[in-house]
Every structure is written in structure tokens, then in C-alpha cells.
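Q: Submitted below is the structure of interest, expressed as C-alpha cells.
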Amino acid sequence: MTKKEIKLLDEINNKFKIDGRIQREHRIWVSINVNKLIEICKWLKEKGFVHLSAISVTDWLEKKEYELTYHLWSYDNKMLVTVKTNINRNTPTVESVSPIWGESAQIHERELHELFGVKFKGNKDLLPLFLENWQGPAPFRKDFDWRDYVREKFYDKKNEREKVYYD
Amino acid sequence: MIKEMELAPKGTEYDFYFGPAHPGSGNFGVKLKIDGEIVVSARADPGYLHRGFEKLMEYRTPIQNAVLSDRLCILEPLNWNLVHAEAVDELMGIEVPERAKYIRVIMAELSRIQSHIIWYGVFSKGTGFDTGFKMAFGYRDYILDLFELITGGRVYPAGYICPGGVRRDFPDNAKMKILKVLDKMNAMIKLEELENPAMNARSKGVGVLRLKDAIRLGVTGPVLRGSGMNVDVRKEEPYEVYDRLDFEVPVRKEGDAYARYWIGIEEMKQSVKIVKQALKDLPDGDVIEASFKKPKLSYKIPEGEVYVRNEISRGEAAIYMVSNGNSTPYRVKVRGPDFLHMIPVLEHLLKGAQIADVPAIYWSLNICPADMDR
């Protein structure tokens, strides 16, 4: 753990009054309320976190929450800051970060919209990416089981050879 | 290849579908709108290889996932093995033995060389230099033979680099054979360096990617280095034993297809250098951590989350893994470099390009549809 990580975390603490965690060298994790998400993203971009490595969603079924994680890398400071925020699982809506990081954010959000059903307000292009003519629920949600779906849709219980899939 | 050809009222604009069955394009298509000779707009059409790895991994234990992680990219399975293994290692707090670390680096670099050879091969094919394509796939086979000797699989190593180390030690003759293959690779590099006028004419000044755009589009790896930025995850946050090895990061300023092609050649030279050093320093000892030596039915992954970044031949690869204490990970997010290279970057570069330059631009990005669709 080096000085630059502690320094950045202090700055975040002072500015946004939130606690963060230094996992190891190059890795900082912070959680923030969804209202302040755009504010911290803009601030971090100005601090040199120009590379949006990935955006991810974790579906916490029991807490009924989606956890959004933004993995940001700074080429100057050589640090990865992960900004986490929680949103409601049933009506997942969040402000888009595509005005901040441009096309790279746009495409990550488009993917998550398709796989998790998150609505990104302000993202202009959220058309389906991978799936064709998919009518069902968002497929990466925890309460959607692919194996059940495949069994019902593609296998036949009466077929002698496909019976095993139902045991 | 032409799915539908609709004449616009003007009579000069038409739709053109590049892929998904084009030789070498992979399972991927681009919908182009063309006016005369100029591409007006391009729209990527991914999804032909979408297998949902992120979800598949949620149902499986790390040992099963190690095998699954091969399939993330057909052209460089060992590098993806390494990313996955490192994520599990960090979550479980496993100390990987020194010898295993060196073997991991050697295998990852050999995999990088063969991936760059394919890159050169398909780029030659795309620009009409068929000899280069055939030579490339011939020379690549020497490395595949090595993989067969060491891992047991020519293309897919079946999770050779697994959590805790590597599955088995080098056979006795491996060191000698690797050195011999590296000599062959030097011959291949010499061949690549012979600049043929046709390829130069088709790649110089084509598909120029400015650094400012590159950063906004999320470009990483050789494509970003071709646009003039000196970045490499192996230098930024060294994993395994990269901090002990001496190598350089090639950078070009032009940002065109030729610069990217040149970066590929230089990186192969550096990889040969790295493998030679790692072979020289290779220590004795175990190749897998003690608790992984005997297979157990299930390993519990401690609660936590990690984000692991690696430099694979195409750029920055990362895995975000969350565990809630079960034997299977709760969530795995795979970040492939080509997700960005093949959708926003390709659309950006193709816009305004000549129709004849489409293949040169397409293959100069070192694409792999498998790691984009996941």
C-alpha cells in the first residue's frame, strides 16, 4: 500500500463524506449513494481516470438490489478505483455516464441494459446487442434459470431419450 | 455476403453486409451503408458467438471454470486461463509457487506469439497477400506442437493454468524444444519484417485512430500503443513475475493500420526475449499449491470481490469476481478488449473509409469475436 492510494482516498473522503477501502496496491473501492454518482464520476474523470475499464451489475436477490460497479483506471496514477452504487432491483433506473466517458461507457451500458434490464437515462442507443428476438425477462438476473428455460423450451418429457434431463 | 441491396432514391446508396460468414471475419458481421465507394455509416452486428460465460460460470466451481475459461477466446486460451486463475488465487489468498509463476509467464508469452502470428496471417489475407497467411499458419503450428507436449491440447489447454498454479510440470525435453521453436519464431519475424509494397500501400495511412479518440473509445493494448500511448498492464501493475523480466513496450505515433501491424511484430520480438529470460531463471520446486494437489469435490471461495487485469495479446483483459462464500462464484464479469475494439472502435474507423479499406481496417485491430460476445 503506497502513499498515492491513501492520498486519493482522503481526497474522496473530504469531498464526498464517504468511506472507502484500500484492498491492495492499485485498488480502491468506494460505495456511494446513487444521487451522487454522476458527481463523483465527473470528479474522478477530471482527476485523470480517463479509462473506463468496465461497468458491471451484481444482482443481490435477497437484498432486492442491483449493485452497479464502475471500474475506472488512471494512466497517470496507475490506480483502479471501483465506484459502487445500489439501485432498486424491480425498477432499475440510473443516470447514464456516457456523457462523461463517451462511446466506451455507451456500449457497456447497452450490454447491461440487455442482460440485466437496467435503464440508463440519457443513453441514446440501448438497442439489443447479442440476443435476437428475445421476449423473456433479462437473462442474467438471478431469478432466471437458463437450465429450466432450456428444459421447457427445447426438450420433450415424453421423448424416451430426453427423459433424463427431468430426473 | 450481400444480404439485402436496397437502392436509395438517389440511386447511389446501398446497404452492404460484411460477414458473418466471410473467410477470416469470424462469427461477426458489420452492416455498412455505402455511397459509391465511401462507407457512410457502419453498425456492428455481434451475437453470433454469445454463449453467456458470465452466467455459465455462476453455476460452476473454480476448477470447472478453469476449463471453461479456455473458450473465452479461441486464439489465446492460455492467457484467459491466466486471468481466471489469478482472480481465484487472489480471492482465496493462494500463494502460487515460484516455478508455477515462471511457467505461467512462459505459456502466456508463447500464446501471445502465436496469437500475433494469426494476427499477421489474417491481416495478410485481408490485404490480399496469401503467402503471408499460409506461412503464418504454418509457423504457428510449431507453437501448437509445444502446447500439445506441455498441456496435452493443441488449441485448448483444458485449464492448464488453473487456480493454485499449473496442472503439471514441464516434461524433460520441453526446455530444449521451446528454445528450438523460438529459433523458428525468429525466422517468422524476419519474414514478417520483409515489407512488401502491396501491403504497405494498403495499410499506410489507412484507418487512422487519433489518441484522443482512442482513449474516449476505450481502446487498450497494441491498438492504443499504435496510436502513440505507452501503456502496458505488464508494466503498470506487474503480475506474476513480469517485474523481474526485462522487456520493452513498442510504441508508434501514426495510429494507422501499418503502425498496428508493426507493433505486432515488435511485440513478438519482446515475447521471445521474455520466454528466453524466464527459461533461464526457471527455478525448481512444486508447480501447484499443496491444497490443490489432490482434487477435492468442492472448494469454498471466501467472501469478497476482486478485479484482476492482465495484458493479453489483444489488450486489457479483466475479470471481476464476486463471491458470497459458496463453492461457485456469485458473479463473474469478463471484460474483453475486443468488446470495445469491435463495436465502437470499428464503427468509428469504418465511417468515411473507402470500401476497399474495410478488410485492412477490420483485421488491423487484431479482432476475436469470441471474447467480444463471450
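Residue numbers start at 1 in each chain; chains themselves are named A, B, ... in the order of the C-alpha cells; ligands are numbered from 1 in the order shown.
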Any idea what's packed within 9 Å of Gly352 (chain B), counting only C-alpha atoms, ignoring anything in its chain fewer than 6 positions away? Could you give it as a VMD selection string?

A: chain B and resid 38 to 41

Q: List every residue of chain B that has an atom at most 7 Å from any atom of chain A, giving for each one its closest atom pair and the distance in Å to one decimal, counting only C-alpha atoms, sorted by chain and then by ascending residue number, as JSON lines.

A:
{"residue": "B:Pro46", "atom": "CA", "partner": "A:Phe130", "partner_atom": "CA", "distance": 5.8}
{"residue": "B:Gly47", "atom": "CA", "partner": "A:Phe130", "partner_atom": "CA", "distance": 3.9}
{"residue": "B:His50", "atom": "CA", "partner": "A:Phe130", "partner_atom": "CA", "distance": 6.4}
{"residue": "B:Lys55", "atom": "CA", "partner": "A:Phe140", "partner_atom": "CA", "distance": 6.4}
{"residue": "B:Ile215", "atom": "CA", "partner": "A:His51", "partner_atom": "CA", "distance": 6.6}
{"residue": "B:Arg216", "atom": "CA", "partner": "A:Gly102", "partner_atom": "CA", "distance": 5.8}
{"residue": "B:Leu217", "atom": "CA", "partner": "A:Ser104", "partner_atom": "CA", "distance": 4.9}
{"residue": "B:Gly218", "atom": "CA", "partner": "A:Ser104", "partner_atom": "CA", "distance": 5.1}
{"residue": "B:Glu236", "atom": "CA", "partner": "A:Lys78", "partner_atom": "CA", "distance": 6.3}
{"residue": "B:Arg331", "atom": "CA", "partner": "A:Thr58", "partner_atom": "CA", "distance": 6.4}
{"residue": "B:Lys333", "atom": "CA", "partner": "A:Ser56", "partner_atom": "CA", "distance": 6.6}
{"residue": "B:Arg335", "atom": "CA", "partner": "A:Ala54", "partner_atom": "CA", "distance": 6.4}
{"residue": "B:Leu340", "atom": "CA", "partner": "A:Ser104", "partner_atom": "CA", "distance": 6.7}
{"residue": "B:Pro344", "atom": "CA", "partner": "A:Glu103", "partner_atom": "CA", "distance": 6.4}

Q: Can I get the selected residues back with C-alpha atoms, as a PDB file, in the first residue's frame?

A:
ATOM      1  CA  PRO B  46     -22.462  -9.050 -32.727  1.00  0.00           C
ATOM      2  CA  GLY B  47     -24.082 -12.011 -31.025  1.00  0.00           C
ATOM      3  CA  HIS B  50     -22.793 -15.292 -27.450  1.00  0.00           C
ATOM      4  CA  LYS B  55     -23.762 -16.750 -16.286  1.00  0.00           C
ATOM      5  CA  ILE B 215      -8.985   6.969 -25.122  1.00  0.00           C
ATOM      6  CA  ARG B 216     -12.618   8.004 -25.430  1.00  0.00           C
ATOM      7  CA  LEU B 217     -13.447   4.776 -27.262  1.00  0.00           C
ATOM      8  CA  GLY B 218     -11.825   2.648 -24.545  1.00  0.00           C
ATOM      9  CA  GLU B 236       1.706  -0.673 -14.969  1.00  0.00           C
ATOM     10  CA  ARG B 331     -20.960 -13.067 -10.163  1.00  0.00           C
ATOM     11  CA  LYS B 333     -17.844 -10.125 -15.179  1.00  0.00           C
ATOM     12  CA  ARG B 335     -14.029  -7.628 -19.673  1.00  0.00           C
ATOM     13  CA  LEU B 340     -14.620  -2.221 -27.390  1.00  0.00           C
ATOM     14  CA  PRO B 344     -17.333   1.370 -31.019  1.00  0.00           C
TER      15      PRO B 344
END

Q: Pick out the residues sitting within 10 Å of Asn35 (chain A), and hand them over as a VMD selection string; count only C-alpha atoms, and ignore anything fewer than 6 positions along from it in its own chain.

A: chain A and resid 85 94 to 95

Q: So that I can check the surroundings of Glu98 (chain B), please list as a PyMOL selection string every protein, DNA and RNA residue that reaches within 12 Å of it, counting only C-alpha atoms and ignoring chain neighbours fewer than 5 positions away.

A: chain B and resi 103-105+164-166+240-241+278+281-289

Q: So which residues touch Val164 (chain A) within 12 Å, counting only C-alpha atoms, skipping near sequence neighbours fewer than 6 positions away, as a PDB file with N, CA and C atoms, in the first residue's frame?

A:
ATOM      1  N   ARG A 151     -34.878 -26.619 -20.632  1.00  0.00           N
ATOM      2  CA  ARG A 151     -35.649 -27.858 -20.475  1.00  0.00           C
ATOM      3  C   ARG A 151     -37.076 -27.687 -20.991  1.00  0.00           C
ATOM      4  N   TYR A 155     -36.648 -29.356 -24.750  1.00  0.00           N
ATOM      5  CA  TYR A 155     -36.697 -30.803 -24.542  1.00  0.00           C
ATOM      6  C   TYR A 155     -38.133 -31.283 -24.389  1.00  0.00           C
ATOM      7  N   ASP A 156     -38.307 -32.563 -24.663  1.00  0.00           N
ATOM      8  CA  ASP A 156     -39.634 -33.147 -24.619  1.00  0.00           C
ATOM      9  C   ASP A 156     -39.651 -34.225 -23.547  1.00  0.00           C
ATOM     10  N   LYS A 157     -40.563 -34.094 -22.577  1.00  0.00           N
ATOM     11  CA  LYS A 157     -40.616 -35.028 -21.463  1.00  0.00           C
ATOM     12  C   LYS A 157     -41.025 -36.419 -21.934  1.00  0.00           C
ATOM     13  N   LYS A 158     -41.844 -36.458 -22.961  1.00  0.00           N
ATOM     14  CA  LYS A 158     -42.348 -37.752 -23.424  1.00  0.00           C
ATOM     15  C   LYS A 158     -41.313 -38.512 -24.252  1.00  0.00           C
TER      16      LYS A 158
END

Q: Compile the contact shell of Phe120 (chain A) as number ranges by chain: residues with an atom at most 10 Å away, counting only C-alpha atoms, same-chain residues fewer than 4 positions apart removed.

A: A: 92-98, 106, 109-110, 112-113, 124-126

Q: So how many Å separate CA of Met372 (chain B) and CA of Arg43 (chain B), to one decimal?

A: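 Between CA of Met372 (chain B) and CA of Arg43 (chain B) the gap works out to 15.1 Å.
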